[in-house]
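Undergrad: Questions regarding the structure given below will be posed in turn.
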Amino acid sequence: IQSAVRRCVRNLARAPEPRRLLIPAAPILVENLSEAALARDSAAALCNVCCHGDAKGRAVECGAVRQVLTSLRMEGLASDTAEDLVACLGVLTGGFEQGIAALFALAAEEGEANTFEPLVSLLGSEDAPALQCLVMDVLGGICAASPQFKAWLIGESKAVS
């Protein structure tokens with residue numbers, strides 16, 4: 001039933017007015033990203049809810065960027081789950097200073113490789129071209145926000161060859 005509720009939140013959050021009313025759900029959706037059984041539906045719901053700026057800020061404050069990246073490291077992650085997590089990361093960081101700042105704070109704390117290589121490695125998901133395209137889009141946004149990241153990605157990352 002918990003997954004069904006998250007799918008309802010995802011669908012309701014597609015419209016602006018219900019999305020605004022779902023802002024209080026952001027912290028619990030962030031928390032549920034760490035649960036393998038709920039990660040996909042929570043990421044998809046959070047992605048739609050966070051299309052509202054206030055929800056995006058609240059989610060970032062609750063540690064959403066860290067949790068999304070941690071969830072991308074889950075063992076045996078299905079490509080459809082990874083796709084929802086990457087889409088959520090894109091919403092949290094795309095054109096949003098707080099999200100980008102949280103991303104780079106995490107990289108400063110945990111190291112660039114530990115932070116970014118699970119994301120970059122998804123480019124090798126040959127059975128999931130939509131996921132590959134989404135990862136390229138999110139990485140492009142991060143590169144646009146940070147020339148230093150772009151230089152690291154091209155010159156130092158072991159995930160890019």
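Going by the structure tokens order, chains are called A, B, ..., each with residues numbered from 1, while ligands are numbered from 1 in the order shown.
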Counting only C-alpha atoms, which residues in range 35-152 of chain A sit no more than 12 Å from range 2-9 of chain A? For each one, give the nearest pair of atoms and the distance in Å, sorted by chain then residue number, as CSV.
TA:
```
residue,atom,partner,partner_atom,distance
A:Glu35,CA,A:Ser3,CA,11.2
A:Ala36,CA,A:Ser3,CA,11.2
A:Ala37,CA,A:Ser3,CA,8.0
A:Leu38,CA,A:Ser3,CA,6.1
A:Ala39,CA,A:Ser3,CA,9.2
A:Arg40,CA,A:Ser3,CA,8.8
A:Asp41,CA,A:Arg6,CA,5.6
A:Ser42,CA,A:Arg6,CA,5.9
A:Ala43,CA,A:Arg6,CA,9.0
A:Ala44,CA,A:Arg7,CA,7.8
A:Ala45,CA,A:Val9,CA,5.6
A:Leu46,CA,A:Val9,CA,8.5
A:Cys47,CA,A:Val9,CA,10.4
A:Asn48,CA,A:Val9,CA,8.4
A:Val49,CA,A:Val9,CA,7.9
A:Cys50,CA,A:Val9,CA,11.6
```
Undergrad: Within range 5-64 of chain A, find each residue whose DSSP state, derived from the backbone, is helix (DSSP H, G or I), and express the selection as a PyMOL selection string.
TA: chain A and resi 5-12+16-21+23-32+36-49+53-61+64
Undergrad: Would you mind listing what lies within 12 Å of Ala101 in chain A as a list in words, with only C-alpha atoms counted and same-chain residues fewer than 6 positions away left out?
TA: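 Once the nearby chain positions are removed, what remains is Gly57, Val60, Glu61, Gly63, Val65, Arg66, Leu92, Thr93, Gly94, Gly95, Ala107, Ala108, Ile142, Ala145 and Ser146 of chain A.
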Undergrad: Using only C-alpha atoms, which of A:Leu134, A:Ala25, A:Ala151, A:Leu12 sits nearest Glu83 in chain A?
TA: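 Among A:Leu134, A:Ala25, A:Ala151, A:Leu12, it is A:Leu134 that comes nearest to Glu83 in chain A.
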Undergrad: Find the residues near Cys51 in chain A: any atom within 10 Å, counting only C-alpha atoms, skip ones fewer than 3 places away on the same chain, and give them as a ChimeraX atom specification.
TA: /A:13-16,19-20,46-48,54-56,88,91-92
Undergrad: Restricting the output to N, CA, C and O atoms, write the selected residues as a PDB file, in the first residue's frame.
TA:
```pdb
ATOM      1  N   ALA A  13       0.839  15.195  -8.057  1.00  0.00           N
ATOM      2  CA  ALA A  13       1.829  16.276  -8.118  1.00  0.00           C
ATOM      3  C   ALA A  13       2.129  16.730  -9.541  1.00  0.00           C
ATOM      4  O   ALA A  13       2.919  17.646  -9.737  1.00  0.00           O
ATOM      5  N   ARG A  14       1.484  16.150 -10.503  1.00  0.00           N
ATOM      6  CA  ARG A  14       1.677  16.597 -11.891  1.00  0.00           C
ATOM      7  C   ARG A  14       0.969  17.921 -12.158  1.00  0.00           C
ATOM      8  O   ARG A  14       1.299  18.624 -13.102  1.00  0.00           O
ATOM      9  N   ALA A  15       0.003  18.265 -11.324  1.00  0.00           N
ATOM     10  CA  ALA A  15      -0.754  19.511 -11.496  1.00  0.00           C
ATOM     11  C   ALA A  15      -0.298  20.521 -10.441  1.00  0.00           C
ATOM     12  O   ALA A  15      -0.038  20.155  -9.292  1.00  0.00           O
ATOM     13  N   PRO A  16      -0.197  21.785 -10.797  1.00  0.00           N
ATOM     14  CA  PRO A  16       0.355  22.803  -9.894  1.00  0.00           C
ATOM     15  C   PRO A  16      -0.348  22.931  -8.535  1.00  0.00           C
ATOM     16  O   PRO A  16       0.328  23.001  -7.503  1.00  0.00           O
ATOM     17  N   ARG A  19       0.205  19.885  -6.335  1.00  0.00           N
ATOM     18  CA  ARG A  19       1.644  19.853  -6.042  1.00  0.00           C
ATOM     19  C   ARG A  19       1.956  20.732  -4.841  1.00  0.00           C
ATOM     20  O   ARG A  19       2.694  20.346  -3.937  1.00  0.00           O
ATOM     21  N   ARG A  20       1.380  21.929  -4.822  1.00  0.00           N
ATOM     22  CA  ARG A  20       1.602  22.859  -3.713  1.00  0.00           C
ATOM     23  C   ARG A  20       1.117  22.251  -2.403  1.00  0.00           C
ATOM     24  O   ARG A  20       1.762  22.371  -1.363  1.00  0.00           O
ATOM     25  N   LEU A  46       8.710  12.375  -5.416  1.00  0.00           N
ATOM     26  CA  LEU A  46       9.503  13.541  -5.004  1.00  0.00           C
ATOM     27  C   LEU A  46       9.874  14.396  -6.211  1.00  0.00           C
ATOM     28  O   LEU A  46       9.842  15.626  -6.148  1.00  0.00           O
ATOM     29  N   CYS A  47      10.184  13.755  -7.305  1.00  0.00           N
ATOM     30  CA  CYS A  47      10.516  14.465  -8.540  1.00  0.00           C
ATOM     31  C   CYS A  47       9.376  15.398  -8.944  1.00  0.00           C
ATOM     32  O   CYS A  47       9.597  16.567  -9.244  1.00  0.00           O
ATOM     33  N   ASN A  48       8.152  14.901  -8.930  1.00  0.00           N
ATOM     34  CA  ASN A  48       7.010  15.729  -9.316  1.00  0.00           C
ATOM     35  C   ASN A  48       6.680  16.783  -8.263  1.00  0.00           C
ATOM     36  O   ASN A  48       6.402  17.930  -8.597  1.00  0.00           O
ATOM     37  N   ASP A  54       9.257  25.679  -3.517  1.00  0.00           N
ATOM     38  CA  ASP A  54       9.295  25.540  -2.056  1.00  0.00           C
ATOM     39  C   ASP A  54       9.556  24.090  -1.657  1.00  0.00           C
ATOM     40  O   ASP A  54      10.293  23.824  -0.696  1.00  0.00           O
ATOM     41  N   ALA A  55       8.971  23.159  -2.376  1.00  0.00           N
ATOM     42  CA  ALA A  55       9.188  21.741  -2.079  1.00  0.00           C
ATOM     43  C   ALA A  55      10.625  21.359  -2.384  1.00  0.00           C
ATOM     44  O   ALA A  55      11.244  20.582  -1.648  1.00  0.00           O
ATOM     45  N   LYS A  56      11.161  21.899  -3.462  1.00  0.00           N
ATOM     46  CA  LYS A  56      12.537  21.602  -3.837  1.00  0.00           C
ATOM     47  C   LYS A  56      13.492  22.054  -2.729  1.00  0.00           C
ATOM     48  O   LYS A  56      14.367  21.299  -2.310  1.00  0.00           O
ATOM     49  N   CYS A  88      14.991  12.603 -10.366  1.00  0.00           N
ATOM     50  CA  CYS A  88      14.825  13.364  -9.126  1.00  0.00           C
ATOM     51  C   CYS A  88      16.061  14.235  -8.872  1.00  0.00           C
ATOM     52  O   CYS A  88      15.937  15.416  -8.533  1.00  0.00           O
ATOM     53  N   VAL A  91      15.928  17.277 -11.067  1.00  0.00           N
ATOM     54  CA  VAL A  91      14.995  18.305 -10.584  1.00  0.00           C
ATOM     55  C   VAL A  91      15.605  19.056  -9.401  1.00  0.00           C
ATOM     56  O   VAL A  91      15.494  20.281  -9.301  1.00  0.00           O
ATOM     57  N   LEU A  92      16.280  18.321  -8.510  1.00  0.00           N
ATOM     58  CA  LEU A  92      16.849  18.938  -7.310  1.00  0.00           C
ATOM     59  C   LEU A  92      18.036  19.847  -7.600  1.00  0.00           C
ATOM     60  O   LEU A  92      18.306  20.777  -6.839  1.00  0.00           O
TER      61      LEU A  92
END
```
Undergrad: Between A:His52, A:Phe116, A:Gln132, A:Leu122, which residue has the minimum interatomic distance to Lys150 in chain A, considering only C-alpha atoms?
TA: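 Of all the options, A:Phe116 lies closest to Lys150 in chain A.
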Undergrad: List the neighbours of Glu75 in chain A out to 12 Å using only C-alpha atoms; skip same-chain residues closer than 5 positions along the sequence, and give me the result as a PyMOL selection string.
TA: chain A and resi 36+70+81-82+118
